[in-house]
There are 12 protein chains.
Amino acid sequence: MMKKCILILNGPNLNMLGSREPEFYGDQTLGDIEKICADQASKLGLSIDFRNSNSEGELVDWIQQSKNNHVAIILNAGAYTHTSIAILDALRTTNLPIVEVHLSNIFQREEYRHVSFVSQVADGVICGFGSQGYKLAIDATAKLIS
Amino acid sequence: MMKKCILILNGPNLNMLGSREPEFYGDQTLGDIEKICADQASKLGLSIDFRNSNSEGELVDWIQQSKNNHVAIILNAGAYTHTSIAILDALRTTNLPIVEVHLSNIFQREEYRHVSFVSQVADGVICGFGSQGYKLAIDATAKLIS
Amino acid sequence: MMKKCILILNGPNLNMLGSREPEFYGDQTLGDIEKICADQASKLGLSIDFRNSNSEGELVDWIQQSKNNHVAIILNAGAYTHTSIAILDALRTTNLPIVEVHLSNIFQREEYRHVSFVSQVADGVICGFGSQGYKLAIDATAKLIS
Amino acid sequence: MMKKCILILNGPNLNMLGSREPEFYGDQTLGDIEKICADQASKLGLSIDFRNSNSEGELVDWIQQSKNNHVAIILNAGAYTHTSIAILDALRTTNLPIVEVHLSNIFQREEYRHVSFVSQVADGVICGFGSQGYKLAIDATAKLIS
Amino acid sequence: MMKKCILILNGPNLNMLGSREPEFYGDQTLGDIEKICADQASKLGLSIDFRNSNSEGELVDWIQQSKNNHVAIILNAGAYTHTSIAILDALRTTNLPIVEVHLSNIFQREEYRHVSFVSQVADGVICGFGSQGYKLAIDATAKLIS
Amino acid sequence: MMKKCILILNGPNLNMLGSREPEFYGDQTLGDIEKICADQASKLGLSIDFRNSNSEGELVDWIQQSKNNHVAIILNAGAYTHTSIAILDALRTTNLPIVEVHLSNIFQREEYRHVSFVSQVADGVICGFGSQGYKLAIDATAKLIS
Amino acid sequence: MMKKCILILNGPNLNMLGSREPEFYGDQTLGDIEKICADQASKLGLSIDFRNSNSEGELVDWIQQSKNNHVAIILNAGAYTHTSIAILDALRTTNLPIVEVHLSNIFQREEYRHVSFVSQVADGVICGFGSQGYKLAIDATAKLIS
Amino acid sequence: MMKKCILILNGPNLNMLGSREPEFYGDQTLGDIEKICADQASKLGLSIDFRNSNSEGELVDWIQQSKNNHVAIILNAGAYTHTSIAILDALRTTNLPIVEVHLSNIFQREEYRHVSFVSQVADGVICGFGSQGYKLAIDATAKLIS
Amino acid sequence: MMKKCILILNGPNLNMLGSREPEFYGDQTLGDIEKICADQASKLGLSIDFRNSNSEGELVDWIQQSKNNHVAIILNAGAYTHTSIAILDALRTTNLPIVEVHLSNIFQREEYRHVSFVSQVADGVICGFGSQGYKLAIDATAKLIS
Amino acid sequence: MMKKCILILNGPNLNMLGSREPEFYGDQTLGDIEKICADQASKLGLSIDFRNSNSEGELVDWIQQSKNNHVAIILNAGAYTHTSIAILDALRTTNLPIVEVHLSNIFQREEYRHVSFVSQVADGVICGFGSQGYKLAIDATAKLIS
Amino acid sequence: MMKKCILILNGPNLNMLGSREPEFYGDQTLGDIEKICADQASKLGLSIDFRNSNSEGELVDWIQQSKNNHVAIILNAGAYTHTSIAILDALRTTNLPIVEVHLSNIFQREEYRHVSFVSQVADGVICGFGSQGYKLAIDATAKLIS
Amino acid sequence: MMKKCILILNGPNLNMLGSREPEFYGDQTLGDIEKICADQASKLGLSIDFRNSNSEGELVDWIQQSKNNHVAIILNAGAYTHTSIAILDALRTTNLPIVEVHLSNIFQREEYRHVSFVSQVADGVICGFGSQGYKLAIDATAKLIS
């Protein structure tokens with residue numbers, strides 16, 4: 001039997017993790033985080049579909065397609081968190097549980113990062129815990145879909 | 001002789017019509033709307049070029065290319081209505097009549113949907129009439145190009 | 001059998017059409033527009049009750065009285081669009097379909113014309129198409145009451 | 001000897017009470033409220049002059065004329081509460097005690113109903129108690145003029 | 001030969017002059033001011049048509065009708081100065097010179113009296129000189145129409 | 001049989017009544033007001049539990065405990081009216097009728113006193129009538145619980 | 001006997017009149033205006049002390065010194081109107097009548113020209129009448145000191 | 001050997017959990033949550049010191065005292081989250097890891113709940129997961145102190 | 001004969017001085033400051049009553065009680081400076097001279113520390129001089145009560 | 001030996017140069033500008049990699065890839081200048097010198113073009129000089145990398 | 001040996017002290033204050049260089065020159081406090097201790113006097129104590145330079 | 001034949017270059033920059049008139065006088081950039097090309113340095129390139145006047 005699959009989406013510049021502003025984001029790469037997620041999901045009897053894109057439109061596409069193939073969405077929309085009503089609308093087209101994650105504590109950064117369109121539709125938000133935030137998000141998701 | 005062709009552009013998440021928040025958008029699909037538009041255009045001796053995209057950049061591309069092939073633009077830019085200066089600038093590069101359409105009455109929704117960059121350059125705006133709004137937009141366009 | 005009647009209300013200064021700021025409003029008079037409306041309504045098997053007033057209170061009176069005699073309201077509240085909570089409240093006392101019309105695209109004019117109290121309760125909004133906007137409004141209304 | 005008379009003014013749309021948005025305003029008519037007021041005034045040895053108008057100008061007229069004929073004003077200015085500096089100025093031309101009444105708790109409604117020009121000059125404000133608010137206002141007025 | 005006639009309009013509560021807040025408005029009545037205006041106009045070979053109303057709609061009516069009968073408008077719109085887009089629009093329908101007058105210096109009063117819709121279309125503004133302001137306005141008008 | 005009991009809470013500095021800023025609050029003491037309340041409640045077959053505290057936390061405690069012992073709350077939260085979300089949340093934990101009272105007309109005082117968190121949950125508001133406001137509040141409460 | 005003398009102060013860039021932005025300021029020079037003022041003052045039995053400076057500090061100096069030598073101040077502070085609290089404070093150190101003049105109607109120009117520190121202390125304001133505004137200001141001043 | 005102890009603080013009205021607005025907070029009591037925390041901490045070799053208070057000052061006291069006895073703070077400051085600079089300052093006096101928890105997703109509630117003073121100093125934030133949020137917070141804390 | 005006594009109140013987290021954010025507050029303890037104050041008061045023939053509390057309500061209590069026992073108040077309200085209308089109101093109930101002190105220059109810190117409710121009623125403000133600010137405050141107070 | 005290469009990126013609608021709003025942008029095409037850049041770079045011993053895209057995501061991609069292949073970035077982000085935090089974040093992932101260019105003086109256009117996310121990370125900004133701005137940018141860049 | 005010298009600068013209109021708005025500034029002249037300063041400095045083994053100017057530029061000049069001749073600056077910039085970034089920048093060019101003084105409590109006056117550019121760079125601020133504030137400032141300065 | 005001369009104006013505190021905040025402005029003196037400018041102008045067959053002043057009025061004077069003697073203005077108005085409408089107005093009296101220069105990138109500094117009155121009238125803006133910015137400005141100017 002196939003394991004239930006969580007769609008984990010990463011927005012712009014998250015592919016640069018490890019080199020980008022390590023004081024906010026730490027030195028782990030996105031590949032490291034994917035591995036953490038896969039391991040944690042596996043422990044909970046789940047699988048993951050881990051993707052990243054710099055394109056707002058592609059993220060919207062993927063969210064729209066999640067409906068039939070996934071049981072939940074974990075979303076770190078990066079900079080689009082603060083500007084994309086399109087992603088918000090896409091999330092509204094699904095009925096899946098949604099968990100918002102940020103590596104850094106966005107509330108300690110620039111004013112324009114304090115507002116999240118994703119938060120308006122996410123079940124819950126986890127931010128500031130670096131890569132561990134993804135692990136917590138998988139735990140939270142497992143609970144939401146149980 | 002070829003019929004004059006109206007470019008009808010649909011922005012992000014409009015491809016999800018029918019399933020997405022029916023209290024705002026009704027239960028018709030985008031395919032249904034395309035058919036309504038084709039029928040109405042045909043009655044008026046016009047043809048349509050009906051497209052949709054989740055990508056801001058692709059919408060900009062299409063608007064730029066409209067110049068030589070179309071006689072007018074009907075635009076439902078979805079969420080990009082409220083955030084895209086790039087689409088506004090693209091519209092400014094054409095000299096075509098522009099009609100802005102929204103399925104729902106955007107002024108009865110969230111504050112951030114009350115502002116439209118498209119309105120700054122559209123000849124007219126039609127919103128709140130669901131799929132019929134497209135039919136009205138074609139009538140309006142026919143008049144504008146006559 | 002009496003035809004169903006649409007109440008069409010025109011707010012302050014619309015009686016000056018033809019002479020007033022033609023760059024925004026065109027050179028048709030309000031009488032011309034009434035004729036356009038009557039013709040279009042007639043085509044759709046409807047009649048119209050076309051009025052105008054410079055007085056906020058009189059517009060409120062007429063809206064209150066619409067309840068028993070009309071099947072829908074088409075409203076171009078002119079300057080009161082942007083300032084009259086009294087008209088908004090009057091519209092709320094009816095259960096009729098309401099279509100908001102403006103001759104010019106109010107979103108391309110002064111900041112204080114970008115906000116509409118009428119939009120908070122109108123089923124739909126049509127603006128920027130000059131006198132044709134009234135014709136479209138009648139079409140839209142016919143659909144709403146069908 | 002003539003009883004002292006309180007001028008009780010009701011602004012736009014209050015004549016629609018009973019049918020208008022009963023979740024805010026209850027199902028009593030303005031006639032019912034007039035009766036409550038007359039009864040309560042009578043108990044306190046006072047008479048009332050109970051009027052309503054949809055016209056800002058007429059309300060201003062009545063307030064100006066109150067000076068010689070009345071001992072106090074109870075005012076439910078309806079929508080004009082939030083927009084009319086003219087009514088505020090008229091109230092300032094009298095030296096009568098002024099009591100502001102609202103049927104609903106205006107602070108739980110739309111943002112634009114949270115501001116009252118009347119409050120700037122009223123001795124006191126009573127809101128949220130439906131028709132009973134008028135009865136309380138008469139009690140309060142009786143005390144103010146004693 | 002008929003003398004050229006200036007329309008002098010006075011908005012809400014100006015009929016109460018003499019009793020209303022004398023610290024702002026002095027103790028002259030509106031009748032006194034009419035006499036001052038008639039005298040000054042006469043000296044300059046002009047006549048006046050001096051009116052006042054508490055009704056926004058009536059002021060709009062009068063402004064619309066000024067076109068054919070008057071050579072200029074002097075306007076003290078009272079409280080409507082700060083709230084009436086309808087009066088602004090009416091003024092725009094005329095091509096007459098417009099002089100805005102206020103008895104008090106509105107910039108030393110409440111914040112909401114610092115904004116004037118009339119100023120957007122008036123040729124000039126005179127405020128703070130009490131009844132003498134009308135005399136200055138007639139001088140200014142005489143110059144504007146010469 | 002025990003009389004139904006209304007919890008009457010008074011916030012910070014109300015214990016100083018009589019000496020504190022008499023131009024806003026009059027010269028009655030809080031003891032005087034308690035007596036007025038007890039008398040009026042008694043006339044209506046009710047009893048009162050009259051308390052005051054300078055501590056936000058203690059007011060929260062008392063509101064939480066009201067549930068089982070009281071039939072309604074009359075609250076003059078003083079300065080906490082304008083700053084305490086904690087009191088608002090406490091009020092939301094009860095299902096009791098809530099009447100908000102202020103001695104002065106808070107809308108004629110400093111800007112920061114124009115906003116009330118209590119109003120968001122109170123059934124009604126009475127302000128500006130000095131100690132008589134409490135009497136009116138008891139009348140209003142008696143009606144609400146009847 | 002010496003004539004009473006009015007201090008007439010002109011702020012930055014008014015010395016450029018005639019060449020500077022004639023659409024706002026007309027083609028008269030400051031010398032022309034001085035002559036108009038001298039003539040009008042003379043007619044009224046007054047003299048003038050007419051100065052201009054580009055320096056905020058020098059304007060402050062002159063205002064401070066006005067006390068003993070002048071009977072009133074007419075001030076066109078130019079750009080400093082909108083930015084100089086120092087000039088406002090200087091004006092407050094005199095007890096002389098103060099008349100504020102502007103050649104253009106500042107309320108029809110950029111937003112930052114809508115605020116005047118001078119207005120907070122001026123007896124009256126005259127704007128939009130070009131050089132005639134100075135003549136009116138002298139008339140107004142003559143009345144104020146009479 | 002004593003287990004390392006996490007201080008878990010709960011602000012105003014959290015003691016009412018189970019009865020208070022269950023649509024936001026669920027039906028578990030604070031006692032249930034304490035048990036969840038104790039169990040999870042125990043699994044991770046940690047102990048907890050679980051407290052709640054309606055008093056801002058008492059919460060400040062407890063945070064100040066945490067320094068010597070605890071290894072980290074988990075804080076659900078309730079309504080004080082949005083208003084208390086005192087709690088923020090107290091948190092700054094410790095050098096302990098701080099995790100902010102909210103049962104509901106505060107970004108989907110009233111505007112005034114969107115701002116958190118606690119977030120300015122917390123290492124991370126978890127909100128919207130109900131009682132499970134505390135469990136995740138303990139996991140996050142265990143990682144932070146490891 | 002008893003020396004005149006100054007009430008010196010210290011708000012939340014000032015008890016942590018010496019360990020808390022030394023870049024803002026220096027390394028002296030509150031005990032050190034009390035000694036400085038006692039010495040300086042003694043030199044001027046005055047005594048002090050030096051207290052601190054983390055509780056807004058307790059600070060309000062102490063201010064209310066100051067009336068009979070003290071000749072002046074020196075207040076460092078800490079975080080409550082920026083949020084407490086209750087303390088402001090309490091200060092208004094006394095007629096004592098009030099001196100506001102802050103260790104750091106609050107205008108160089110976060111935006112929300114730039115506003116002080118205490119400043120609205122304090123005779124004077126001293127900030128940025130660390131513990132010496134208390135000494136200056138005592139000097140200033142001595143002068144105010146002399 | 002390979003010449004050092006500058007990445008020159010052009011955002012949405014810059015491909016339309018020559019036809020688009022010539023009053024702001026002149027009549028040169030983007031091809032003309034590329035030639036100007038190549039010539040100037042060549043004079044300075046540098047090469048260029050000149051690209052344009054309507055897609056925010058593609059611009060982000062190119063910026064991320066610049067790290068290894070280029071010595072500096074010259075960026076005219078067009079409309080994305082004012083809306084794209086994603087591009088800002090991408091720029092932060094490089095350590096290259098960044099020069100921001102605009103053809104028009106953005107500060108003389110619409111309010112929403114006055115804010116630039118790019119400016120937050122650019123070494124310098126050049127705007128208003130049309131195509132010459134690119135030439136100046138290359139000079140500036142040559143200096144920055146020397 | 002020469003005494004260390006403090007530069008004491010006084011901004012616009014402070015030369016009018018004694019006559020200017022005595023309710024804010026008292027009846028002492030600037031000469032009186034200079035004497036107070038000289039006496040106090042002398043007691044502390046210091047000398048003063050006491051100047052005043054109405055010119056922003058001259059104040060900037062003097063601050064720039066202070067570097068080599070003075071040990072500290074005491075600055076009462078008067079109205080320039082609230083508007084002069086030039087003075088702020090000049091202060092930043094020195095490394096001297098800076099004490100900001102105001103005679104009145106600026107926080108109890110007009111809104112535009114609540115912001116101080118000087119405060120952004122001053123070590124400390126003293127306001128509201130009249131001429132004694134200068135004496136306190138000298139004490140504070142003596143401590144800062146010790 | 002005389003070379004065409006560019007007026008290069010430097011505002012307040014630029015004379016302090018080299019010592020003032022080198023992290024923003026570098027360690028070159030204004031004399032160094034003058035030399036760079038003279039050299040670059042000379043290469044292009046131009047001369048310069050290089051001045052600096054701390055006085056807003058003097059800068060206004062110089063700009064006014066530029067008309068007859070110079071072919072263009074390069075302006076670094078320093079702090080007056082952000083506050084001086086007088087300088088903006090002076091620039092409007094000339095018809096010369098205007099280039100605005102700033103040594104630092106003003107958009108990365110304090111909020112109040114993000115707004116430039118000079119930008120409203122400058123042909124172009126160059127900022128962030130230190131002294132090289134002046135060199136670029138001369139190149140840009142040479143092009144503008146060619």
# chains A, B, ... in the order shown; residues from 1 in each chain; ligands from 1
>>> residues_around(residues="H:Arg92", least_positions_apart="4", cutoff="9 Å", atoms="only C-alpha atoms", output="PyMOL selection string")
(chain H and resi 87-88+121) or (chain I and resi 20-21)
>>> write_last_selection(atoms="all heavy atoms", output="PDB file, in the first residue's frame")
ATOM      1  N   ILE H  87       6.552  42.474  29.668  1.00  0.00           N
ATOM      2  CA  ILE H  87       6.930  41.064  29.501  1.00  0.00           C
ATOM      3  C   ILE H  87       8.093  40.942  28.524  1.00  0.00           C
ATOM      4  O   ILE H  87       9.040  40.185  28.755  1.00  0.00           O
ATOM      5  CB  ILE H  87       5.704  40.237  29.057  1.00  0.00           C
ATOM      6  CG1 ILE H  87       4.730  40.102  30.243  1.00  0.00           C
ATOM      7  CG2 ILE H  87       6.112  38.873  28.520  1.00  0.00           C
ATOM      8  CD1 ILE H  87       3.432  39.400  29.928  1.00  0.00           C
ATOM      9  N   LEU H  88       8.051  41.695  27.462  1.00  0.00           N
ATOM     10  CA  LEU H  88       9.181  41.694  26.517  1.00  0.00           C
ATOM     11  C   LEU H  88      10.474  42.056  27.235  1.00  0.00           C
ATOM     12  O   LEU H  88      11.510  41.381  27.074  1.00  0.00           O
ATOM     13  CB  LEU H  88       8.895  42.712  25.395  1.00  0.00           C
ATOM     14  CG  LEU H  88      10.049  43.091  24.486  1.00  0.00           C
ATOM     15  CD1 LEU H  88      10.608  41.881  23.769  1.00  0.00           C
ATOM     16  CD2 LEU H  88       9.618  44.137  23.479  1.00  0.00           C
ATOM     17  N   VAL H 121      11.560  38.718  20.722  1.00  0.00           N
ATOM     18  CA  VAL H 121      12.675  38.150  21.478  1.00  0.00           C
ATOM     19  C   VAL H 121      12.648  36.622  21.512  1.00  0.00           C
ATOM     20  O   VAL H 121      13.609  35.992  21.939  1.00  0.00           O
ATOM     21  CB  VAL H 121      12.707  38.764  22.899  1.00  0.00           C
ATOM     22  CG1 VAL H 121      11.602  38.199  23.754  1.00  0.00           C
ATOM     23  CG2 VAL H 121      14.063  38.620  23.554  1.00  0.00           C
TER      24      VAL H 121
ATOM     25  N   ARG I  20      20.457  43.395  33.383  1.00  0.00           N
ATOM     26  CA  ARG I  20      19.625  43.574  32.180  1.00  0.00           C
ATOM     27  C   ARG I  20      20.241  44.518  31.163  1.00  0.00           C
ATOM     28  O   ARG I  20      20.506  45.664  31.486  1.00  0.00           O
ATOM     29  CB  ARG I  20      18.268  44.134  32.629  1.00  0.00           C
ATOM     30  CG  ARG I  20      17.329  44.466  31.496  1.00  0.00           C
ATOM     31  CD  ARG I  20      16.184  45.316  32.000  1.00  0.00           C
ATOM     32  NE  ARG I  20      15.335  45.765  30.907  1.00  0.00           N
ATOM     33  CZ  ARG I  20      14.477  46.764  30.985  1.00  0.00           C
ATOM     34  NH1 ARG I  20      14.360  47.433  32.125  1.00  0.00           N
ATOM     35  NH2 ARG I  20      13.755  47.112  29.945  1.00  0.00           N
ATOM     36  N   GLU I  21      20.414  44.086  29.967  1.00  0.00           N
ATOM     37  CA  GLU I  21      20.865  44.893  28.835  1.00  0.00           C
ATOM     38  C   GLU I  21      21.766  46.060  29.257  1.00  0.00           C
ATOM     39  O   GLU I  21      21.397  47.222  29.137  1.00  0.00           O
ATOM     40  CB  GLU I  21      19.652  45.461  28.081  1.00  0.00           C
ATOM     41  CG  GLU I  21      18.782  44.383  27.455  1.00  0.00           C
ATOM     42  CD  GLU I  21      17.533  44.995  26.841  1.00  0.00           C
ATOM     43  OE1 GLU I  21      16.631  45.378  27.611  1.00  0.00           O
ATOM     44  OE2 GLU I  21      17.487  45.110  25.617  1.00  0.00           O
TER      45      GLU I  21
END
>>> residues_around(residues="A:Leu30", least_positions_apart="5", cutoff="10 Å", atoms="only C-alpha atoms", output="PDB file with C-alpha atoms, in the first residue's frame")
ATOM      1  CA  ASN A  10       9.914  25.698  -0.954  1.00  0.00           C
ATOM      2  CA  LEU A  14      15.562  28.440  -0.609  1.00  0.00           C
ATOM      3  CA  ASN A  15      17.667  26.478  -3.101  1.00  0.00           C
ATOM      4  CA  MET A  16      20.538  28.741  -2.058  1.00  0.00           C
ATOM      5  CA  LEU A  17      20.439  27.592   1.561  1.00  0.00           C
ATOM      6  CA  GLY A  18      23.850  27.017   3.014  1.00  0.00           C
ATOM      7  CA  LYS A  35      16.633  14.314   4.079  1.00  0.00           C
ATOM      8  CA  ILE A  36      15.462  15.426   7.554  1.00  0.00           C
ATOM      9  CA  PHE A  50       9.741  17.786  -1.752  1.00  0.00           C
ATOM     10  CA  ARG A  51      10.071  20.557  -4.328  1.00  0.00           C
ATOM     11  CA  ASN A  52      11.401  24.062  -4.723  1.00  0.00           C
ATOM     12  CA  SER A 131      15.687  23.132   9.687  1.00  0.00           C
TER      13      SER A 131
END
>>> atom_distance(atom1="atom CA of F:Asp123", atom2="atom CA of F:Glu100")
7.9 Å
>>> residues_around(residues="G:Ser119", least_positions_apart="6", cutoff="8 Å", atoms="only C-alpha atoms", output="list in words")
Asn105, Phe107 and Gln108 of chain E; Glu100 and Val125 of chain G
>>> residues_around(residues="stretch 46-49 of chain K", least_positions_apart="4", cutoff="12 Å", atoms="only C-alpha atoms", output="PyMOL selection string")
chain K and resi 1-10+33-42+62-63+66+69-75+134-135+138-139+141-143+145-146
>>> atom_distance(atom1="atom CA of E:Gly133", atom2="atom CA of G:Gly124")
9.0 Å
>>> closest_atom_pairs(of="chain G", to="chain L", cutoff="6 Å", atoms="only C-alpha atoms", output="JSON lines")
{"residue": "G:Asn13", "atom": "CA", "partner": "L:Ala90", "partner_atom": "CA", "distance": 6.0}
{"residue": "G:Arg20", "atom": "CA", "partner": "L:Thr93", "partner_atom": "CA", "distance": 4.7}
{"residue": "G:Asn54", "atom": "CA", "partner": "L:Gly57", "partner_atom": "CA", "distance": 4.8}
{"residue": "G:Ser55", "atom": "CA", "partner": "L:Gly57", "partner_atom": "CA", "distance": 4.1}
{"residue": "G:Ala79", "atom": "CA", "partner": "L:Ala86", "partner_atom": "CA", "distance": 4.9}
>>> write_last_selection(atoms="N, CA, C and O atoms", output="PDB file, in the first residue's frame")
ATOM      1  N   ASN G  13      12.412  82.766  -3.055  1.00  0.00           N
ATOM      2  CA  ASN G  13      12.096  82.665  -4.475  1.00  0.00           C
ATOM      3  C   ASN G  13      11.036  83.662  -4.944  1.00  0.00           C
ATOM      4  O   ASN G  13      10.771  83.733  -6.144  1.00  0.00           O
ATOM      5  N   ARG G  20       9.571  82.985 -12.709  1.00  0.00           N
ATOM      6  CA  ARG G  20       9.343  81.671 -12.110  1.00  0.00           C
ATOM      7  C   ARG G  20       7.935  81.139 -12.367  1.00  0.00           C
ATOM      8  O   ARG G  20       6.959  81.772 -11.995  1.00  0.00           O
ATOM      9  N   ASN G  54      15.631  85.022   1.054  1.00  0.00           N
ATOM     10  CA  ASN G  54      15.646  83.569   0.864  1.00  0.00           C
ATOM     11  C   ASN G  54      16.019  82.837   2.139  1.00  0.00           C
ATOM     12  O   ASN G  54      16.027  81.620   2.172  1.00  0.00           O
ATOM     13  N   SER G  55      16.332  83.589   3.195  1.00  0.00           N
ATOM     14  CA  SER G  55      16.861  82.971   4.409  1.00  0.00           C
ATOM     15  C   SER G  55      15.798  82.911   5.502  1.00  0.00           C
ATOM     16  O   SER G  55      15.249  83.933   5.915  1.00  0.00           O
ATOM     17  N   ALA G  79       7.991  78.937   0.329  1.00  0.00           N
ATOM     18  CA  ALA G  79       8.174  77.537   0.691  1.00  0.00           C
ATOM     19  C   ALA G  79       8.263  77.338   2.198  1.00  0.00           C
ATOM     20  O   ALA G  79       7.912  76.274   2.713  1.00  0.00           O
TER      21      ALA G  79
END
>>> atom_distance(atom1="atom CA of C:Val115", atom2="atom CA of C:Tyr80")
10.7 Å
>>> decode(residues="stretch 124-128 of chain B", atoms="all heavy atoms", output="mmCIF file, in the first residue's frame")
data_model
loop_
_atom_site.group_PDB
_atom_site.id
_atom_site.type_symbol
_atom_site.label_atom_id
_atom_site.label_comp_id
_atom_site.auth_asym_id
_atom_site.auth_seq_id
_atom_site.Cartn_x
_atom_site.Cartn_y
_atom_site.Cartn_z
ATOM 1 N N GLY B 124 -12.683 50.268 -18.980
ATOM 2 C CA GLY B 124 -13.809 50.085 -18.076
ATOM 3 C C GLY B 124 -13.648 48.829 -17.259
ATOM 4 O O GLY B 124 -12.792 47.991 -17.537
ATOM 5 N N VAL B 125 -14.487 48.725 -16.220
ATOM 6 C CA VAL B 125 -14.411 47.620 -15.278
ATOM 7 C C VAL B 125 -15.806 47.021 -15.101
ATOM 8 O O VAL B 125 -16.784 47.764 -15.002
ATOM 9 C CB VAL B 125 -13.920 48.120 -13.899
ATOM 10 C CG1 VAL B 125 -13.764 46.970 -12.924
ATOM 11 C CG2 VAL B 125 -12.626 48.909 -14.035
ATOM 12 N N ILE B 126 -15.866 45.705 -15.074
ATOM 13 C CA ILE B 126 -17.131 44.992 -14.824
ATOM 14 C C ILE B 126 -16.855 43.949 -13.768
ATOM 15 O O ILE B 126 -16.013 43.077 -13.980
ATOM 16 C CB ILE B 126 -17.633 44.303 -16.113
ATOM 17 C CG1 ILE B 126 -18.017 45.349 -17.163
ATOM 18 C CG2 ILE B 126 -18.810 43.386 -15.811
ATOM 19 C CD1 ILE B 126 -18.252 44.779 -18.547
ATOM 20 N N CYS B 127 -17.549 44.023 -12.635
ATOM 21 C CA CYS B 127 -17.296 42.993 -11.633
ATOM 22 C C CYS B 127 -18.541 42.624 -10.857
ATOM 23 O O CYS B 127 -19.448 43.431 -10.684
ATOM 24 C CB CYS B 127 -16.187 43.404 -10.676
ATOM 25 S SG CYS B 127 -16.598 44.667 -9.516
ATOM 26 N N GLY B 128 -18.582 41.379 -10.436
ATOM 27 C CA GLY B 128 -19.653 40.910 -9.570
ATOM 28 C C GLY B 128 -20.743 40.119 -10.268
ATOM 29 O O GLY B 128 -21.650 39.617 -9.594
#
